file upload31.txt (compact mmCIF, C-alpha atoms and all ligand atoms)
# COMPACT_ATOMS: atom_id res chain seq x y z
CA MET A 1 -20.28 45.78 75.12
CA VAL A 2 -20.44 43.42 72.16
CA LEU A 3 -17.47 41.38 70.96
CA ALA A 4 -16.94 41.29 67.19
CA ALA A 5 -14.31 40.13 64.70
CA VAL A 6 -13.17 43.03 62.49
CA GLN A 7 -11.26 42.69 59.22
CA THR A 8 -8.69 45.50 59.31
CA ALA A 9 -6.50 44.53 56.34
CA PRO A 10 -6.17 41.60 53.92
CA ARG A 11 -5.65 38.40 55.92
CA ARG A 12 -6.03 40.29 59.18
CA ILE A 13 -9.03 39.91 61.49
CA GLU A 14 -8.90 41.15 65.08
CA LEU A 15 -11.33 41.11 68.00
CA ARG A 16 -12.87 44.41 69.05
CA GLU A 17 -15.65 45.59 71.36
CA PHE A 18 -18.50 47.89 70.39
CA PRO A 19 -21.34 49.43 72.39
CA ARG A 20 -24.56 47.42 72.30
CA PRO A 21 -26.85 49.11 69.72
CA ALA A 22 -29.99 50.84 70.99
CA VAL A 23 -33.15 49.36 69.44
CA GLY A 24 -35.96 51.65 68.24
CA PRO A 25 -39.51 50.83 67.07
CA ASP A 26 -38.38 49.71 63.58
CA ASP A 27 -35.22 47.72 64.09
CA GLY A 28 -33.80 44.89 66.20
CA LEU A 29 -30.84 43.05 67.62
CA LEU A 30 -29.90 39.45 66.77
CA ARG A 31 -27.88 37.14 69.03
CA ILE A 32 -25.77 35.24 66.50
CA GLU A 33 -25.84 31.45 66.82
CA ALA A 34 -23.94 30.70 63.63
CA CYS A 35 -22.77 32.59 60.57
CA GLY A 36 -21.85 30.55 57.51
CA ILE A 37 -18.70 31.21 55.48
CA CYS A 38 -18.54 30.91 51.70
CA GLY A 39 -16.04 31.42 48.88
CA SER A 40 -16.71 35.14 48.71
CA ASP A 41 -15.57 35.46 52.35
CA VAL A 42 -12.31 33.80 51.34
CA GLU A 43 -11.70 36.23 48.49
CA THR A 44 -12.72 39.24 50.57
CA TYR A 45 -10.35 38.07 53.33
CA HIS A 46 -7.55 37.79 50.78
CA GLY A 47 -8.26 41.36 49.65
CA LEU A 48 -9.35 40.27 46.16
CA LEU A 49 -13.09 40.96 46.26
CA GLY A 50 -15.67 43.52 47.35
CA VAL A 51 -15.02 45.66 50.38
CA GLY A 52 -11.79 43.76 51.09
CA ALA A 53 -10.36 44.88 47.74
CA LEU A 54 -11.10 48.62 48.08
CA PRO A 55 -8.07 50.90 48.30
CA ASP A 56 -7.69 51.87 51.97
CA ALA A 57 -10.25 49.14 52.66
CA PRO A 58 -12.46 50.20 55.57
CA HIS A 59 -12.59 48.11 58.73
CA PHE A 60 -15.74 45.99 58.81
CA VAL A 61 -17.36 43.05 60.61
CA PRO A 62 -17.56 40.20 58.03
CA GLY A 63 -20.34 37.62 57.93
CA HIS A 64 -23.29 37.70 55.50
CA GLU A 65 -24.95 34.32 56.22
CA PRO A 66 -26.26 34.91 59.76
CA LEU A 67 -28.59 32.74 61.83
CA GLY A 68 -29.60 33.77 65.32
CA ILE A 69 -32.14 34.46 68.03
CA ILE A 70 -34.09 37.71 68.23
CA GLU A 71 -32.67 39.34 71.36
CA GLU A 72 -34.53 42.63 71.19
CA ILE A 73 -37.02 44.02 68.70
CA GLY A 74 -39.00 47.20 68.16
CA GLU A 75 -42.80 47.10 68.17
CA ARG A 76 -43.28 47.94 64.50
CA ALA A 77 -40.44 45.63 63.42
CA ALA A 78 -42.01 42.74 65.36
CA THR A 79 -45.30 43.26 63.53
CA ARG A 80 -43.66 43.67 60.13
CA TRP A 81 -41.47 40.57 60.43
CA GLY A 82 -43.95 38.50 62.48
CA VAL A 83 -41.34 37.61 65.09
CA GLU A 84 -40.81 38.13 68.82
CA PRO A 85 -37.85 37.92 71.17
CA GLY A 86 -36.61 34.32 71.41
CA ASP A 87 -37.53 33.40 67.82
CA ARG A 88 -34.82 31.93 65.60
CA VAL A 89 -34.35 33.63 62.24
CA ALA A 90 -32.15 33.46 59.16
CA VAL A 91 -31.23 36.85 57.72
CA GLU A 92 -30.85 37.60 53.99
CA VAL A 93 -27.66 39.34 52.94
CA VAL A 94 -29.21 42.08 50.79
CA VAL A 95 -30.99 45.01 52.46
CA SER A 96 -33.23 46.47 49.75
CA CYS A 97 -35.36 49.63 49.98
CA ARG A 98 -38.78 47.85 49.71
CA ARG A 99 -40.24 50.92 47.95
CA CYS A 100 -38.70 51.31 44.46
CA PRO A 101 -40.34 49.85 41.31
CA ALA A 102 -37.93 46.89 41.30
CA CYS A 103 -38.71 46.06 44.94
CA LEU A 104 -42.46 46.52 44.47
CA THR A 105 -42.52 44.14 41.51
CA GLY A 106 -40.68 41.44 43.44
CA ARG A 107 -37.25 41.97 41.90
CA TYR A 108 -35.72 43.25 45.10
CA LEU A 109 -32.27 41.85 44.21
CA SER A 110 -32.28 44.50 41.46
CA CYS A 111 -33.15 47.31 43.91
CA SER A 112 -31.44 50.49 42.80
CA ASN A 113 -31.46 52.15 46.25
CA ARG A 114 -30.02 49.21 48.13
CA ARG A 115 -29.38 50.00 51.77
CA GLY A 116 -26.26 47.89 51.43
CA ALA A 117 -25.74 44.36 52.61
CA TYR A 118 -24.60 42.55 55.73
CA GLY A 119 -20.92 41.76 56.16
CA VAL A 120 -19.60 44.70 54.11
CA ARG A 121 -20.49 47.95 55.89
CA PRO A 122 -17.65 49.78 57.63
CA VAL A 123 -17.63 49.91 61.43
CA THR A 124 -17.55 53.71 61.18
CA GLN A 125 -21.24 53.54 60.16
CA GLU A 126 -23.35 53.41 63.32
CA PRO A 127 -24.01 51.05 65.01
CA ALA A 128 -20.94 49.23 63.57
CA LEU A 129 -22.35 45.70 64.05
CA TRP A 130 -23.29 45.04 60.41
CA GLY A 131 -21.93 41.50 60.14
CA GLY A 132 -22.47 38.02 61.55
CA PHE A 133 -18.94 37.60 62.95
CA ALA A 134 -20.06 39.12 66.27
CA GLU A 135 -21.97 38.20 69.41
CA TYR A 136 -24.82 40.45 68.25
CA MET A 137 -25.77 41.86 64.86
CA TYR A 138 -27.90 44.95 64.29
CA LEU A 139 -31.11 44.32 62.29
CA HIS A 140 -31.80 47.17 59.85
CA PRO A 141 -35.52 48.03 59.38
CA ASP A 142 -35.38 46.90 55.73
CA SER A 143 -33.90 43.47 56.45
CA ALA A 144 -35.54 40.29 55.15
CA LEU A 145 -35.93 37.58 57.80
CA HIS A 146 -37.05 33.95 57.74
CA LYS A 147 -38.21 32.05 60.81
CA VAL A 148 -36.44 28.73 61.38
CA ARG A 149 -37.44 25.94 63.78
CA LYS A 150 -35.47 26.12 67.01
CA ASP A 151 -34.97 22.41 67.68
CA LEU A 152 -32.47 21.94 64.83
CA PRO A 153 -28.74 22.20 65.56
CA ALA A 154 -27.40 25.63 64.56
CA GLY A 155 -24.77 24.02 62.28
CA LEU A 156 -27.61 22.42 60.30
CA ALA A 157 -30.03 25.38 60.30
CA VAL A 158 -27.31 27.76 59.06
CA LEU A 159 -27.18 25.74 55.81
CA PHE A 160 -30.23 27.81 54.74
CA ASN A 161 -27.81 29.99 52.79
CA PRO A 162 -26.00 27.50 50.51
CA LEU A 163 -29.19 25.45 50.17
CA GLY A 164 -31.11 28.59 49.17
CA ALA A 165 -28.59 29.01 46.36
CA GLY A 166 -29.06 25.37 45.34
CA VAL A 167 -32.85 25.85 45.14
CA ARG A 168 -32.56 29.14 43.24
CA TRP A 169 -30.01 27.87 40.73
CA ALA A 170 -31.29 24.33 40.13
CA THR A 171 -35.06 24.80 40.16
CA ASP A 172 -35.81 28.52 39.61
CA LEU A 173 -33.09 29.43 37.11
CA GLY A 174 -32.28 25.92 35.86
CA GLY A 175 -35.92 24.84 35.61
CA VAL A 176 -35.12 21.39 37.01
CA ARG A 177 -38.27 19.33 37.55
CA LEU A 178 -39.46 15.74 37.39
CA GLY A 179 -37.10 13.77 35.15
CA THR A 180 -34.71 16.59 34.21
CA SER A 181 -31.10 15.44 33.75
CA VAL A 182 -28.60 17.76 35.44
CA LEU A 183 -24.84 18.22 35.29
CA ILE A 184 -23.41 20.13 38.27
CA LEU A 185 -19.88 21.43 37.70
CA GLY A 186 -18.15 21.84 41.07
CA PRO A 187 -18.74 19.88 44.33
CA GLY A 188 -18.41 22.74 46.85
CA GLN A 189 -21.12 23.53 49.39
CA ARG A 190 -23.33 25.10 46.69
CA GLY A 191 -22.76 22.20 44.28
CA LEU A 192 -23.77 19.74 46.99
CA ALA A 193 -26.77 21.93 47.86
CA SER A 194 -27.75 21.88 44.18
CA VAL A 195 -27.73 18.06 44.24
CA VAL A 196 -30.19 18.15 47.14
CA ALA A 197 -32.38 20.78 45.45
CA ALA A 198 -32.38 18.86 42.16
CA ARG A 199 -33.32 15.63 43.95
CA ALA A 200 -36.06 17.43 45.92
CA ALA A 201 -37.46 18.69 42.59
CA GLY A 202 -37.55 15.15 41.20
CA ALA A 203 -34.60 15.39 38.80
CA GLY A 204 -33.69 12.40 36.63
CA THR A 205 -29.98 11.69 36.22
CA VAL A 206 -27.76 13.91 38.39
CA ILE A 207 -24.04 14.11 37.56
CA VAL A 208 -21.45 16.04 39.59
CA THR A 209 -17.86 16.92 38.65
CA GLY A 210 -14.89 17.63 40.91
CA LEU A 211 -11.14 17.24 41.03
CA ALA A 212 -9.22 14.25 42.36
CA LYS A 213 -8.59 16.18 45.59
CA ASP A 214 -12.38 16.55 46.05
CA ALA A 215 -12.90 12.80 46.62
CA ALA A 216 -14.66 13.35 49.97
CA LYS A 217 -17.00 15.97 48.50
CA LEU A 218 -17.84 13.72 45.54
CA ALA A 219 -18.64 10.88 47.96
CA LEU A 220 -20.99 13.27 49.78
CA ALA A 221 -22.57 14.23 46.44
CA ARG A 222 -23.37 10.56 45.83
CA GLU A 223 -24.77 10.27 49.34
CA PHE A 224 -27.04 13.27 48.66
CA GLY A 225 -28.38 11.58 45.54
CA ALA A 226 -25.96 12.15 42.64
CA ASP A 227 -26.08 9.16 40.28
CA HIS A 228 -22.62 9.69 38.82
CA THR A 229 -19.50 11.67 39.69
CA ILE A 230 -16.75 12.66 37.27
CA VAL A 231 -13.14 13.38 38.27
CA ALA A 232 -12.46 16.27 35.89
CA ASP A 233 -8.67 16.21 36.11
CA GLU A 234 -8.54 12.49 35.33
CA GLU A 235 -11.21 12.08 32.64
CA SER A 236 -12.97 14.23 30.06
CA THR A 237 -16.17 15.70 31.51
CA VAL A 238 -17.76 16.03 28.06
CA ASP A 239 -16.92 12.43 27.01
CA ALA A 240 -18.18 11.08 30.33
CA VAL A 241 -21.47 13.00 30.08
CA ARG A 242 -22.00 11.85 26.48
CA GLU A 243 -21.47 8.27 27.55
CA LEU A 244 -23.83 8.59 30.53
CA THR A 245 -26.58 10.19 28.41
CA GLY A 246 -26.34 7.96 25.35
CA GLY A 247 -24.75 10.80 23.36
CA ALA A 248 -27.59 13.28 23.90
CA GLY A 249 -26.13 15.52 26.63
CA VAL A 250 -27.93 16.76 29.73
CA ASP A 251 -31.01 19.00 29.93
CA VAL A 252 -29.45 21.46 32.38
CA VAL A 253 -25.89 22.38 33.41
CA LEU A 254 -25.08 24.36 36.56
CA GLU A 255 -21.59 25.91 36.28
CA LEU A 256 -20.43 26.64 39.84
CA THR A 257 -16.65 26.43 39.67
CA PRO A 258 -14.67 29.46 40.90
CA VAL A 259 -12.00 31.00 38.65
CA ALA A 260 -11.62 28.06 36.21
CA THR A 261 -12.85 28.95 32.71
CA ARG A 262 -12.66 25.53 31.06
CA PRO A 263 -15.88 24.29 32.75
CA VAL A 264 -17.87 27.01 30.92
CA LEU A 265 -16.80 25.49 27.60
CA ASP A 266 -17.52 22.00 28.96
CA ALA A 267 -21.03 23.20 29.84
CA LEU A 268 -21.66 24.33 26.26
CA SER A 269 -20.53 20.94 24.94
CA ALA A 270 -22.20 18.74 27.56
CA VAL A 271 -25.68 20.31 27.37
CA ARG A 272 -28.23 18.87 24.95
CA HIS A 273 -29.73 20.74 21.98
CA GLY A 274 -32.27 23.20 23.37
CA GLY A 275 -30.84 22.85 26.88
CA ARG A 276 -30.15 25.35 29.61
CA ILE A 277 -26.96 26.56 31.31
CA VAL A 278 -26.86 28.45 34.60
CA LEU A 279 -23.63 30.36 35.18
CA ALA A 280 -22.93 30.97 38.87
CA GLY A 281 -19.15 30.53 39.21
CA LEU A 282 -17.36 33.89 39.24
CA LYS A 283 -14.15 33.99 37.19
CA GLY A 284 -12.60 37.16 38.59
CA LYS A 285 -10.92 39.22 35.91
CA GLN A 286 -10.62 36.34 33.43
CA SER A 287 -12.71 36.22 30.29
CA VAL A 288 -13.80 33.07 28.54
CA GLU A 289 -13.20 32.75 24.82
CA LEU A 290 -16.23 30.95 23.47
CA ASN A 291 -17.76 30.20 20.13
CA THR A 292 -21.21 31.84 20.32
CA ASP A 293 -22.29 29.83 17.28
CA LEU A 294 -22.60 26.91 19.69
CA VAL A 295 -25.23 28.84 21.66
CA VAL A 296 -27.10 29.69 18.45
CA ASN A 297 -26.89 26.33 16.74
CA LYS A 298 -27.76 24.37 19.87
CA ALA A 299 -30.62 26.78 20.71
CA LEU A 300 -29.29 27.19 24.24
CA THR A 301 -30.56 29.33 27.08
CA VAL A 302 -27.73 30.74 29.19
CA VAL A 303 -28.71 32.33 32.50
CA GLY A 304 -26.64 34.33 34.99
CA ALA A 305 -27.26 33.56 38.65
CA PHE A 306 -27.09 36.61 40.87
CA GLY A 307 -28.19 36.15 44.45
CA VAL A 308 -30.96 34.13 46.05
CA ASP A 309 -34.51 35.35 46.57
CA TYR A 310 -37.03 35.09 49.38
CA ALA A 311 -38.93 32.13 47.92
CA ALA A 312 -35.75 30.07 47.44
CA TYR A 313 -34.59 30.68 51.03
CA ASP A 314 -38.04 29.69 52.30
CA GLU A 315 -37.99 26.49 50.26
CA ALA A 316 -34.44 25.71 51.48
CA ILE A 317 -35.56 26.09 55.10
CA ARG A 318 -38.48 23.72 54.46
CA ILE A 319 -36.10 21.15 52.96
CA ILE A 320 -33.81 21.43 56.01
CA GLU A 321 -36.75 21.15 58.42
CA SER A 322 -38.13 18.12 56.57
CA GLY A 323 -35.14 16.03 57.70
CA ARG A 324 -35.31 14.10 54.41
CA TYR A 325 -31.65 14.60 53.51
CA PRO A 326 -28.57 13.92 55.68
CA LEU A 327 -27.62 17.59 55.32
CA ALA A 328 -25.83 17.77 58.66
CA LYS A 329 -22.98 15.89 56.98
CA MET A 330 -22.29 18.98 54.91
CA HIS A 331 -21.51 21.14 57.94
CA THR A 332 -17.92 20.35 58.87
CA ARG A 333 -17.49 22.43 62.04
CA GLY A 334 -17.95 25.66 63.95
CA TYR A 335 -15.24 28.06 65.07
CA SER A 336 -15.07 30.68 67.80
CA LEU A 337 -14.85 34.40 66.97
CA ALA A 338 -11.16 34.38 67.86
CA ASP A 339 -10.59 31.72 65.19
CA ALA A 340 -12.42 33.59 62.37
CA GLY A 341 -9.32 33.94 60.18
CA HIS A 342 -8.44 30.30 60.75
CA ALA A 343 -11.99 29.25 59.81
CA ILE A 344 -11.73 31.10 56.49
CA ASP A 345 -8.34 29.47 55.81
CA ALA A 346 -9.86 26.07 56.59
CA LEU A 347 -12.71 26.61 54.12
CA ALA A 348 -10.18 27.73 51.50
CA GLY A 349 -8.33 24.44 51.99
CA ASP A 350 -5.24 26.26 53.29
CA VAL A 351 -5.02 24.41 56.61
CA PRO A 352 -3.37 21.00 56.15
CA GLY A 353 -5.43 18.26 57.78
CA GLU A 354 -8.60 20.37 58.11
CA GLU A 355 -10.63 19.51 55.07
CA ALA A 356 -13.90 21.44 55.17
CA VAL A 357 -17.10 21.51 53.11
CA HIS A 358 -19.00 24.07 55.17
CA VAL A 359 -17.84 25.98 58.22
CA ALA A 360 -19.48 28.61 60.42
CA ILE A 361 -18.51 31.09 63.08
CA MET A 362 -20.38 30.40 66.32
CA PRO A 363 -19.75 33.47 68.47
CA ASN A 364 -21.90 32.49 71.44
CA SER A 365 -21.42 28.74 71.71
CA ASN A 366 -18.39 28.75 74.03
CA LEU A 367 -16.18 26.76 71.74
CA PRO A 368 -12.94 26.41 73.69
CA ASN A 369 -10.22 28.55 72.20
CA GLY A 370 -8.29 26.64 69.59
CA SER A 371 -10.98 23.96 69.34
CA ARG A 372 -11.82 23.26 65.77
ZN ZN B 1 -21.88 33.70 51.17
ZN ZN B 2 -35.77 49.01 46.09

call {"tool": "encode", "arguments": {"input": "upload31.txt", "output": "structure tokens", "more": "lines below"}}
Ligand SMILES: [Zn+2]
Ligand SMILES: [Zn+2]
result
Amino acid sequence: MVLAAVQTAPRRIELREFPRPAVGPDDGLLRIEACGICGSDVETYHGLLGVGALPDAPHFVPGHEPLGIIEEIGERAATRWGVEPGDRVAVEVVVSCRRCPACLTGRYLSCSNRRGAYGVRPVTQEPALWGGFAEYMYLHPDSALHKVRKDLPAGLAVLFNPLGAGVRWATDLGGVRLGTSVLILGPGQRGLASVVAARAAGAGTVIVTGLAKDAAKLALAREFGADHTIVADEESTVDAVRELTGGAGVDVVLELTPVATRPVLDALSAVRHGGRIVLAGLKGKQSVELNTDLVVNKALTVVGAFGVDYAAYDEAIRIIESGRYPLAKMHTRGYSLADAGHAIDALAGDVPGEEAVHVAIMPNSNLPNGSR
């Protein structure tokens, strides 16, 4: 039997056992080393987002940022993925069809026959183990895998997910390259990952904003290579950016703050004429009232960031493996399966005294119960 954490209702996760899935020629089984947790896990746990917000929400195994060791694999799957038992892999969240026009032209995040995604499928769909909050996760034949070196600590290697987002948003969508000045709104794990990606791409001035309560994250941003940090609830972001850029504004703004709408307007004001804005912070049901003349008159490019693609994950893994950045400092701690709900609360900042940048569930690492 396989032990898994199952979300059964908002703010309720319980441990359950499922039969170990049988592996055929095209699929596989992953022994989970670590599964990262992000803001969307928090909102799903609170019943505000995705599968967690459905009426009569189905029971499901959460966890869409899995890293693990190939435990068992079918012959054709081994050939297709180029892996064998014992290899360490990172698994992408989206399971696309690999056959439709979108998939075949490399836009697999736009796949119209998506086979779903990890961390959202109900346990009533065989073989139930569709998420990373479990000792083992089933590997669907259409999964996308990335090999990762095995000598790195799991808490470091599992950063492939937030760092993949940093690479995708800063360099692919933001176009950051040698000398580009960047403003990153929000110092969460993806904001910090964007600092690293921007630095790796050779960015010029890098500026990061946060709130007064984010002091530790802003210090980490500086350690990762940010030149300036702005405390947005104590000073004006736009004034500070103007001062730091001699009045010109920055080339690129990455807007990563959850829920808050003000930073979107700050982005429009802080970017230079002809600059670029990447919107990646979801605002829930709120709309932003903005003057579109600003976009026209400043000749701006505004890009929406949905998902992370294969190339960005690969690049993120190379950055982690290079050892050039003290990325391990971003991973705060691992939690046992029994502490999954607590881990999500810790990431959300709801556990006094447990400030966390990045946390992961580590189902097989024998963390003593209650150890954080
Ligand atoms: Zn995530
Ligand atoms: Zn497709």

call {"tool": "residues_near_ligand", "arguments": {"input": "upload31.txt", "ligand": "ligand ZN 2 (chain B)", "cutoff": "10 Å", "atoms": "all atoms listed in the file", "output": "PDB file with C-alpha atoms, in the coordinates of the input"}}
result
ATOM      1  CA  VAL A  95     -30.990  45.010  52.460  1.00  0.00           C
ATOM      2  CA  SER A  96     -33.230  46.470  49.750  1.00  0.00           C
ATOM      3  CA  CYS A  97     -35.360  49.630  49.980  1.00  0.00           C
ATOM      4  CA  ARG A  98     -38.780  47.850  49.710  1.00  0.00           C
ATOM      5  CA  ARG A  99     -40.240  50.920  47.950  1.00  0.00           C
ATOM      6  CA  CYS A 100     -38.700  51.310  44.460  1.00  0.00           C
ATOM      7  CA  PRO A 101     -40.340  49.850  41.310  1.00  0.00           C
ATOM      8  CA  ALA A 102     -37.930  46.890  41.300  1.00  0.00           C
ATOM      9  CA  CYS A 103     -38.710  46.060  44.940  1.00  0.00           C
ATOM     10  CA  LEU A 104     -42.460  46.520  44.470  1.00  0.00           C
ATOM     11  CA  THR A 105     -42.520  44.140  41.510  1.00  0.00           C
ATOM     12  CA  GLY A 106     -40.680  41.440  43.440  1.00  0.00           C
ATOM     13  CA  ARG A 107     -37.250  41.970  41.900  1.00  0.00           C
ATOM     14  CA  TYR A 108     -35.720  43.250  45.100  1.00  0.00           C
ATOM     15  CA  LEU A 109     -32.270  41.850  44.210  1.00  0.00           C
ATOM     16  CA  SER A 110     -32.280  44.500  41.460  1.00  0.00           C
ATOM     17  CA  CYS A 111     -33.150  47.310  43.910  1.00  0.00           C
ATOM     18  CA  SER A 112     -31.440  50.490  42.800  1.00  0.00           C
ATOM     19  CA  ASN A 113     -31.460  52.150  46.250  1.00  0.00           C
ATOM     20  CA  ARG A 114     -30.020  49.210  48.130  1.00  0.00           C
ATOM     21  CA  ARG A 115     -29.380  50.000  51.770  1.00  0.00           C
ATOM     22  CA  ASP A 142     -35.380  46.900  55.730  1.00  0.00           C
TER      23      ASP A 142
END

call {"tool": "residues_around", "arguments": {"input": "upload31.txt", "residues": "Ala248 of chain A", "least_positions_apart": "6", "cutoff": "12 Å", "atoms": "only C-alpha atoms", "output": "number ranges by chain"}}
result
A: 181, 238-242, 269-275, 298

call {"tool": "residues_around", "arguments": {"input": "upload31.txt", "residues": "segment 321-324 of chain A", "least_positions_apart": "4", "cutoff": "8 Å", "atoms": "all atoms listed in the file", "output": "JSON, numbers by chain"}}
result
{"A": [149, 152, 317]}

call {"tool": "closest_residue", "arguments": {"input": "upload31.txt", "among": "A:Glu33, A:Val42, A:Gly131, A:Val278", "to": "Pro62 of chain A", "atoms": "only C-alpha atoms"}}
result
A:Gly131

call {"tool": "closest_atom_pairs", "arguments": {"input": "upload31.txt", "of": "chain A", "to": "ligand ZN 1 (chain B)", "cutoff": "12 Å", "atoms": "all atoms listed in the file", "output": "Markdown table"}}
result
| residue | atom | partner | partner_atom | distance |
| --- | --- | --- | --- | --- |
| A:Cys35 | CA | B:ZN1 | ZN | 9.5 |
| A:Gly36 | CA | B:ZN1 | ZN | 7.1 |
| A:Ile37 | CA | B:ZN1 | ZN | 5.9 |
| A:Cys38 | CA | B:ZN1 | ZN | 4.4 |
| A:Gly39 | CA | B:ZN1 | ZN | 6.7 |
| A:Ser40 | CA | B:ZN1 | ZN | 5.9 |
| A:Asp41 | CA | B:ZN1 | ZN | 6.7 |
| A:Val42 | CA | B:ZN1 | ZN | 9.6 |
| A:Glu43 | CA | B:ZN1 | ZN | 10.8 |
| A:Thr44 | CA | B:ZN1 | ZN | 10.7 |
| A:Pro62 | CA | B:ZN1 | ZN | 10.4 |
| A:Gly63 | CA | B:ZN1 | ZN | 8.0 |
| A:His64 | CA | B:ZN1 | ZN | 6.1 |
| A:Glu65 | CA | B:ZN1 | ZN | 5.9 |
| A:Pro66 | CA | B:ZN1 | ZN | 9.7 |
| A:Val91 | CA | B:ZN1 | ZN | 11.8 |
| A:Glu92 | CA | B:ZN1 | ZN | 10.2 |
| A:Val93 | CA | B:ZN1 | ZN | 8.3 |
| A:Val94 | CA | B:ZN1 | ZN | 11.1 |
| A:Ala117 | CA | B:ZN1 | ZN | 11.4 |
| A:Tyr118 | CA | B:ZN1 | ZN | 10.3 |
| A:Gly119 | CA | B:ZN1 | ZN | 9.5 |
| A:Val120 | CA | B:ZN1 | ZN | 11.6 |
| A:Gly131 | CA | B:ZN1 | ZN | 11.9 |
| A:Gly132 | CA | B:ZN1 | ZN | 11.3 |
| A:Val158 | CA | B:ZN1 | ZN | 11.3 |
| A:Leu159 | CA | B:ZN1 | ZN | 10.6 |
| A:Phe160 | CA | B:ZN1 | ZN | 10.8 |
| A:Asn161 | CA | B:ZN1 | ZN | 7.2 |
| A:Pro162 | CA | B:ZN1 | ZN | 7.5 |
| A:Leu163 | CA | B:ZN1 | ZN | 11.1 |
| A:Gly164 | CA | B:ZN1 | ZN | 10.7 |
| A:Ala165 | CA | B:ZN1 | ZN | 9.5 |
| A:Gln189 | CA | B:ZN1 | ZN | 10.4 |
| A:Arg190 | CA | B:ZN1 | ZN | 9.8 |
| A:Phe306 | CA | B:ZN1 | ZN | 11.9 |
| A:Gly307 | CA | B:ZN1 | ZN | 9.5 |
| A:Val308 | CA | B:ZN1 | ZN | 10.4 |
| A:Ile344 | CA | B:ZN1 | ZN | 11.8 |
| A:Leu347 | CA | B:ZN1 | ZN | 12.0 |
| A:His358 | CA | B:ZN1 | ZN | 10.8 |
| A:Val359 | CA | B:ZN1 | ZN | 11.2 |
| A:Ala360 | CA | B:ZN1 | ZN | 10.8 |

call {"tool": "closest_residue", "arguments": {"input": "upload31.txt", "among": "A:Thr8, A:Gln286, A:Asn364, A:Ser143", "to": "Trp81 of chain A", "atoms": "only C-alpha atoms"}}
result
A:Ser143

call {"tool": "atom_distance", "arguments": {"input": "upload31.txt", "atom1": "atom CA of Gly202 of chain A", "atom2": "atom CA of Val250 of chain A"}}
result
15.1 Å

call {"tool": "atom_distance", "arguments": {"input": "upload31.txt", "atom1": "atom CA of Pro85 of chain A", "atom2": "atom CA of Ala144 of chain A"}}
result
16.4 Å

call {"tool": "decode", "arguments": {"input": "upload31.txt", "residues": "segment 157-168 of chain A", "atoms": "N, CA and C atoms", "output": "PDB file, in the first residue's frame"}}
result
ATOM      1  N   ALA A 157      17.201  20.592  -5.149  1.00  0.00           N
ATOM      2  CA  ALA A 157      16.798  20.158  -6.489  1.00  0.00           C
ATOM      3  C   ALA A 157      15.330  20.481  -6.769  1.00  0.00           C
ATOM      4  N   VAL A 158      14.496  20.443  -5.714  1.00  0.00           N
ATOM      5  CA  VAL A 158      13.057  20.658  -5.920  1.00  0.00           C
ATOM      6  C   VAL A 158      12.751  22.124  -6.258  1.00  0.00           C
ATOM      7  N   LEU A 159      13.759  22.997  -6.165  1.00  0.00           N
ATOM      8  CA  LEU A 159      13.562  24.393  -6.567  1.00  0.00           C
ATOM      9  C   LEU A 159      13.462  24.537  -8.082  1.00  0.00           C
ATOM     10  N   PHE A 160      13.574  23.409  -8.825  1.00  0.00           N
ATOM     11  CA  PHE A 160      13.419  23.480 -10.291  1.00  0.00           C
ATOM     12  C   PHE A 160      12.124  24.186 -10.661  1.00  0.00           C
ATOM     13  N   ASN A 161      11.097  24.040  -9.828  1.00  0.00           N
ATOM     14  CA  ASN A 161       9.795  24.584 -10.209  1.00  0.00           C
ATOM     15  C   ASN A 161       9.740  26.116 -10.111  1.00  0.00           C
ATOM     16  N   PRO A 162       9.986  26.703  -8.923  1.00  0.00           N
ATOM     17  CA  PRO A 162       9.986  28.175  -8.891  1.00  0.00           C
ATOM     18  C   PRO A 162      11.069  28.786  -9.783  1.00  0.00           C
ATOM     19  N   LEU A 163      12.230  28.126  -9.877  1.00  0.00           N
ATOM     20  CA  LEU A 163      13.286  28.704 -10.717  1.00  0.00           C
ATOM     21  C   LEU A 163      12.904  28.631 -12.201  1.00  0.00           C
ATOM     22  N   GLY A 164      12.197  27.563 -12.581  1.00  0.00           N
ATOM     23  CA  GLY A 164      11.687  27.470 -13.958  1.00  0.00           C
ATOM     24  C   GLY A 164      10.793  28.662 -14.270  1.00  0.00           C
ATOM     25  N   ALA A 165       9.965  29.043 -13.318  1.00  0.00           N
ATOM     26  CA  ALA A 165       9.096  30.203 -13.512  1.00  0.00           C
ATOM     27  C   ALA A 165       9.933  31.476 -13.645  1.00  0.00           C
ATOM     28  N   GLY A 166      10.974  31.599 -12.818  1.00  0.00           N
ATOM     29  CA  GLY A 166      11.839  32.771 -12.906  1.00  0.00           C
ATOM     30  C   GLY A 166      12.479  32.889 -14.289  1.00  0.00           C
ATOM     31  N   VAL A 167      12.963  31.761 -14.819  1.00  0.00           N
ATOM     32  CA  VAL A 167      13.593  31.762 -16.143  1.00  0.00           C
ATOM     33  C   VAL A 167      12.574  32.138 -17.216  1.00  0.00           C
ATOM     34  N   ARG A 168      11.399  31.503 -17.151  1.00  0.00           N
ATOM     35  CA  ARG A 168      10.362  31.740 -18.156  1.00  0.00           C
ATOM     36  C   ARG A 168       9.923  33.210 -18.146  1.00  0.00           C
TER      37      ARG A 168
END
